[in-house]
Amino acid sequence: MTIQQLLKTAPVTTLLLASFIGLFIMQVLTGVDANNPSTEALLKWGANALPFTMGDDPWRLVSSAFLHIGLMHLLFNGFAMYFFGQIAEPMFGSAKFLALFLLAAIGGNLLNSYVTWQSILDGTGQPGLSAGASGGIMGIGAALLIAALFKISVNGMVLNLKSLIFIMGINLVYGFAVPGIDNAGHIGGAITGLVIALAFAIGYRQRLAVAIQNAAIQQQRTFNAYQTNYSYSAHDTPSYNSQYSEQHDNQSPYDATSIEQSPYLNSASTEQDTVLANNETNVSDINANNSAESVTANNSPLSHEAVHHNSIEPEALKKPSIIWQLLPWLAMLLISIVFVWWWQDIHQQLLQVLKAIE
């Protein structure tokens with residue numbers, strides 16, 4: 001995928017990659033070592049460090065997600081962002097994708113600070129620093145896992161769950177196997193991404209169910225528009241004298257030739273039979289006309305009674321509840337509130353310890 005295509009498909013992903021690379025170039029231009037930056041340089045450029053982040057610099061929870069420790073660290077995270085971003089951003093939307101990345105990065109940094117703080121209180125650890133987009137990227141990867149589990153499609157394509165699990169597993173194993181990797185940051189980011197993605201998936205399923213119901217209702221409307229209703233009853237059936245019909249079809253005794261040539265028929269009987277035949281014919285014509293009018297009336301599309309009796313009014317189209325559309329944002333708002341409380345809790349504990357030492 002070219003840069004132009006990536007910018008059109010995933011503009012936030014493109015801007016994030018540009019910010020990673022741009023910040024790294026600025027560091028190098030100001031004299032920071034490209035492969036082994038110093039602790040002082042990293043602190044200057046916004047790395048996450050417990051005494052600063054939990055003290056007066058909470059902004060480091062975000063700034064450290066754009067800072068990378070060396071060129072290889074940048075390339076690794078840049079490739080992961082490119083791979084995940086071009087899929088996740090069209091799926092979740094640019095705004096939700098950016099919020100997901102930032103909250104996952106903050107969640108990873110907070111868990112890192114919490115674990116570090118607890119180890120200091122236990123006497124088994126010491127303050128350190130961390131940087132990189134790994135927490136946010138792990139959050140995106142975890143969100144894609146949920147999307148694959150719920151079979152959410154992107155442009156008609158469903159994500160491969162096994163491939164995503166494999167990639168996430170490699171990142172976690174690599175983090176535990178190689179010293180210096182921020183495992184707490186990875187786990188914190190992944191958990192944050194899972195929670196946000198669950199809210200998105202639940203809302204997606206509910207909206208999809210409403211869309212399927214509306215499609216069925218629309219199909220019923222289309223069916224009713226072209227449906228023709230007919231109704232018949234027993235008295236509407238044309239009634240003819242069966243004997244007359246059979247005799248008429250088989251050259252009946254009323255055939256003109258037989259009447260003229262028969263030597264046993266006199267003129268009186270002939271006239272009687274003629275009158276009788278005419279009367280039967282008139283009755284049959286009347287019955288036939290009545291039946292034809294009855295069928296016509298029942299079959300007519302203007303017969304309101306028939307249409308009203310046989311047609312079924314379809315349901316009204318449903319609208320998805322606004323709660324399902326807002327659910328991902330509500331989940332992110334709740335997570336943000338929890339993060340603020342979490343930071344304040346660690347911050348207060350740190351101040352109490354510092355006050356006790358003084």
# chains A, B, ... in the order shown; residues from 1 in each chain; ligands from 1
>>> residues_around(residues="segment 72-74 of chain A", least_positions_apart="3", cutoff="12 Å", atoms="only C-alpha atoms", output="MDAnalysis selection string")
chainID A and resid 17:25 34:37 65:69 77:82 130:134 180:181
>>> residues_around(residues="segment 201-203 of chain A", least_positions_apart="6", cutoff="9 Å", atoms="only C-alpha atoms", output="VMD selection string")
chain A and resid 146 to 147 150 152 323 to 328
>>> closest_residue(among="A:Pro11, A:Ile3, A:Ala316, A:Leu354", to="Gln220 of chain A", atoms="only C-alpha atoms")
A:Ala316
>>> closest_residue(among="A:Pro51, A:Gly108, A:Pro320, A:Gly70", to="Gln349 of chain A", atoms="only C-alpha atoms")
A:Pro51
>>> residues_around(residues="Asp57 of chain A", least_positions_apart="3", cutoff="12 Å", atoms="only C-alpha atoms", output="number ranges by chain")
A: 43-44, 46-54, 60-64, 343, 347
>>> write_last_selection(atoms="N, CA, C and O atoms", output="PDB file, in the first residue's frame")
ATOM      1  N   LEU A  43      14.324  11.538  29.142  1.00  0.00           N
ATOM      2  CA  LEU A  43      13.501  12.317  30.073  1.00  0.00           C
ATOM      3  C   LEU A  43      13.157  13.683  29.481  1.00  0.00           C
ATOM      4  O   LEU A  43      12.041  14.181  29.653  1.00  0.00           O
ATOM      5  N   LYS A  44      14.110  14.273  28.799  1.00  0.00           N
ATOM      6  CA  LYS A  44      13.873  15.574  28.193  1.00  0.00           C
ATOM      7  C   LYS A  44      12.788  15.509  27.131  1.00  0.00           C
ATOM      8  O   LYS A  44      11.980  16.454  26.991  1.00  0.00           O
ATOM      9  N   GLY A  46      10.259  13.393  26.979  1.00  0.00           N
ATOM     10  CA  GLY A  46       8.925  12.976  27.435  1.00  0.00           C
ATOM     11  C   GLY A  46       8.742  11.527  27.779  1.00  0.00           C
ATOM     12  O   GLY A  46       7.600  11.029  27.718  1.00  0.00           O
ATOM     13  N   ALA A  47       9.807  10.830  28.189  1.00  0.00           N
ATOM     14  CA  ALA A  47       9.657   9.425  28.563  1.00  0.00           C
ATOM     15  C   ALA A  47       8.840   9.294  29.849  1.00  0.00           C
ATOM     16  O   ALA A  47       8.709  10.232  30.638  1.00  0.00           O
ATOM     17  N   ASN A  48       8.284   8.094  30.052  1.00  0.00           N
ATOM     18  CA  ASN A  48       7.501   7.798  31.251  1.00  0.00           C
ATOM     19  C   ASN A  48       8.444   7.379  32.373  1.00  0.00           C
ATOM     20  O   ASN A  48       9.143   6.376  32.264  1.00  0.00           O
ATOM     21  N   ALA A  49       8.468   8.152  33.455  1.00  0.00           N
ATOM     22  CA  ALA A  49       9.297   7.851  34.620  1.00  0.00           C
ATOM     23  C   ALA A  49       8.458   8.101  35.859  1.00  0.00           C
ATOM     24  O   ALA A  49       7.855   9.174  35.996  1.00  0.00           O
ATOM     25  N   LEU A  50       8.409   7.139  36.768  1.00  0.00           N
ATOM     26  CA  LEU A  50       7.506   7.193  37.910  1.00  0.00           C
ATOM     27  C   LEU A  50       7.559   8.499  38.705  1.00  0.00           C
ATOM     28  O   LEU A  50       6.507   9.115  38.928  1.00  0.00           O
ATOM     29  N   PRO A  51       8.725   8.971  39.164  1.00  0.00           N
ATOM     30  CA  PRO A  51       8.717  10.204  39.983  1.00  0.00           C
ATOM     31  C   PRO A  51       8.159  11.410  39.241  1.00  0.00           C
ATOM     32  O   PRO A  51       7.557  12.292  39.858  1.00  0.00           O
ATOM     33  N   PHE A  52       8.352  11.452  37.916  1.00  0.00           N
ATOM     34  CA  PHE A  52       7.866  12.589  37.121  1.00  0.00           C
ATOM     35  C   PHE A  52       6.396  12.402  36.713  1.00  0.00           C
ATOM     36  O   PHE A  52       5.576  13.305  36.877  1.00  0.00           O
ATOM     37  N   THR A  53       6.103  11.217  36.169  1.00  0.00           N
ATOM     38  CA  THR A  53       4.751  10.965  35.657  1.00  0.00           C
ATOM     39  C   THR A  53       3.717  10.980  36.776  1.00  0.00           C
ATOM     40  O   THR A  53       2.616  11.533  36.613  1.00  0.00           O
ATOM     41  N   MET A  54       4.045  10.369  37.905  1.00  0.00           N
ATOM     42  CA  MET A  54       3.116  10.340  39.038  1.00  0.00           C
ATOM     43  C   MET A  54       3.248  11.575  39.926  1.00  0.00           C
ATOM     44  O   MET A  54       2.554  11.696  40.931  1.00  0.00           O
ATOM     45  N   ARG A  60       3.247  12.907  30.583  1.00  0.00           N
ATOM     46  CA  ARG A  60       4.176  11.883  30.088  1.00  0.00           C
ATOM     47  C   ARG A  60       3.466  10.558  29.776  1.00  0.00           C
ATOM     48  O   ARG A  60       4.009   9.724  29.044  1.00  0.00           O
ATOM     49  N   LEU A  61       2.284  10.380  30.344  1.00  0.00           N
ATOM     50  CA  LEU A  61       1.506   9.180  30.024  1.00  0.00           C
ATOM     51  C   LEU A  61       1.182   9.115  28.531  1.00  0.00           C
ATOM     52  O   LEU A  61       1.040   8.025  27.954  1.00  0.00           O
ATOM     53  N   VAL A  62       1.076  10.281  27.892  1.00  0.00           N
ATOM     54  CA  VAL A  62       0.775  10.349  26.459  1.00  0.00           C
ATOM     55  C   VAL A  62       2.044  10.556  25.635  1.00  0.00           C
ATOM     56  O   VAL A  62       2.259   9.878  24.629  1.00  0.00           O
ATOM     57  N   SER A  63       2.905  11.477  26.065  1.00  0.00           N
ATOM     58  CA  SER A  63       4.087  11.827  25.269  1.00  0.00           C
ATOM     59  C   SER A  63       5.025  10.639  25.083  1.00  0.00           C
ATOM     60  O   SER A  63       5.657  10.497  24.026  1.00  0.00           O
ATOM     61  N   SER A  64       5.094   9.766  26.077  1.00  0.00           N
ATOM     62  CA  SER A  64       6.014   8.622  25.973  1.00  0.00           C
ATOM     63  C   SER A  64       5.588   7.643  24.885  1.00  0.00           C
ATOM     64  O   SER A  64       6.405   6.856  24.392  1.00  0.00           O
ATOM     65  N   TRP A 343      -4.465   7.423  38.610  1.00  0.00           N
ATOM     66  CA  TRP A 343      -3.300   8.309  38.698  1.00  0.00           C
ATOM     67  C   TRP A 343      -3.313   9.092  40.010  1.00  0.00           C
ATOM     68  O   TRP A 343      -2.274   9.224  40.675  1.00  0.00           O
ATOM     69  N   HIS A 347      -0.539   9.012  42.871  1.00  0.00           N
ATOM     70  CA  HIS A 347       0.035  10.328  43.158  1.00  0.00           C
ATOM     71  C   HIS A 347      -0.040  10.644  44.653  1.00  0.00           C
ATOM     72  O   HIS A 347       0.951  11.104  45.265  1.00  0.00           O
TER      73      HIS A 347
END
>>> closest_residue(among="A:Thr13, A:Thr192, A:Gln218, A:Thr30", to="Phe339 of chain A", atoms="only C-alpha atoms")
A:Thr192
>>> residues_around(residues="Gly185 of chain A", least_positions_apart="5", cutoff="9 Å", atoms="only C-alpha atoms", output="ChimeraX atom specification")
/A:104-113,130,134-136,138,190
>>> write_last_selection(atoms="N, CA and C atoms", output="tab-separated table (two decimals), in the first residue's frame")
chain	number	residue	atom	x	y	z
A	104	ALA	N	-5.15	3.13	25.29
A	104	ALA	CA	-4.36	1.92	25.50
A	104	ALA	C	-2.93	2.27	25.92
A	105	ALA	N	-2.37	3.32	25.31
A	105	ALA	CA	-1.02	3.76	25.70
A	105	ALA	C	-1.01	4.26	27.14
A	106	ILE	N	-2.02	5.04	27.51
A	106	ILE	CA	-2.12	5.54	28.89
A	106	ILE	C	-2.31	4.38	29.86
A	107	GLY	N	-3.17	3.42	29.50
A	107	GLY	CA	-3.39	2.26	30.35
A	107	GLY	C	-2.12	1.47	30.57
A	108	GLY	N	-1.33	1.31	29.51
A	108	GLY	CA	-0.07	0.59	29.65
A	108	GLY	C	0.91	1.32	30.55
A	109	ASN	N	1.01	2.64	30.40
A	109	ASN	CA	1.93	3.43	31.23
A	109	ASN	C	1.48	3.46	32.69
A	110	LEU	N	0.17	3.51	32.91
A	110	LEU	CA	-0.34	3.49	34.28
A	110	LEU	C	-0.04	2.15	34.96
A	111	LEU	N	-0.26	1.05	34.25
A	111	LEU	CA	0.05	-0.25	34.84
A	111	LEU	C	1.55	-0.40	35.10
A	112	ASN	N	2.36	0.12	34.19
A	112	ASN	CA	3.81	0.10	34.41
A	112	ASN	C	4.18	0.89	35.66
A	113	SER	N	3.59	2.07	35.82
A	113	SER	CA	3.88	2.89	37.00
A	113	SER	C	3.38	2.21	38.29
A	130	SER	N	10.26	4.33	30.73
A	130	SER	CA	9.77	3.55	29.58
A	130	SER	C	9.29	4.51	28.51
A	134	SER	N	4.29	0.78	22.10
A	134	SER	CA	3.93	-0.64	22.24
A	134	SER	C	2.61	-0.83	22.97
A	135	GLY	N	2.36	-0.07	24.03
A	135	GLY	CA	1.11	-0.22	24.77
A	135	GLY	C	-0.10	0.09	23.90
A	136	GLY	N	-0.04	1.19	23.15
A	136	GLY	CA	-1.15	1.54	22.26
A	136	GLY	C	-1.33	0.53	21.15
A	138	MET	N	-0.47	-2.68	21.24
A	138	MET	CA	-1.03	-3.90	21.80
A	138	MET	C	-2.54	-3.74	22.05
A	190	ALA	N	-3.12	-3.94	26.25
A	190	ALA	CA	-3.97	-4.98	25.69
A	190	ALA	C	-5.31	-5.07	26.43
>>> closest_residue(among="A:Ala197, A:Ala331, A:Thr39, A:Gln213", to="Ala142 of chain A", atoms="only C-alpha atoms")
A:Ala197
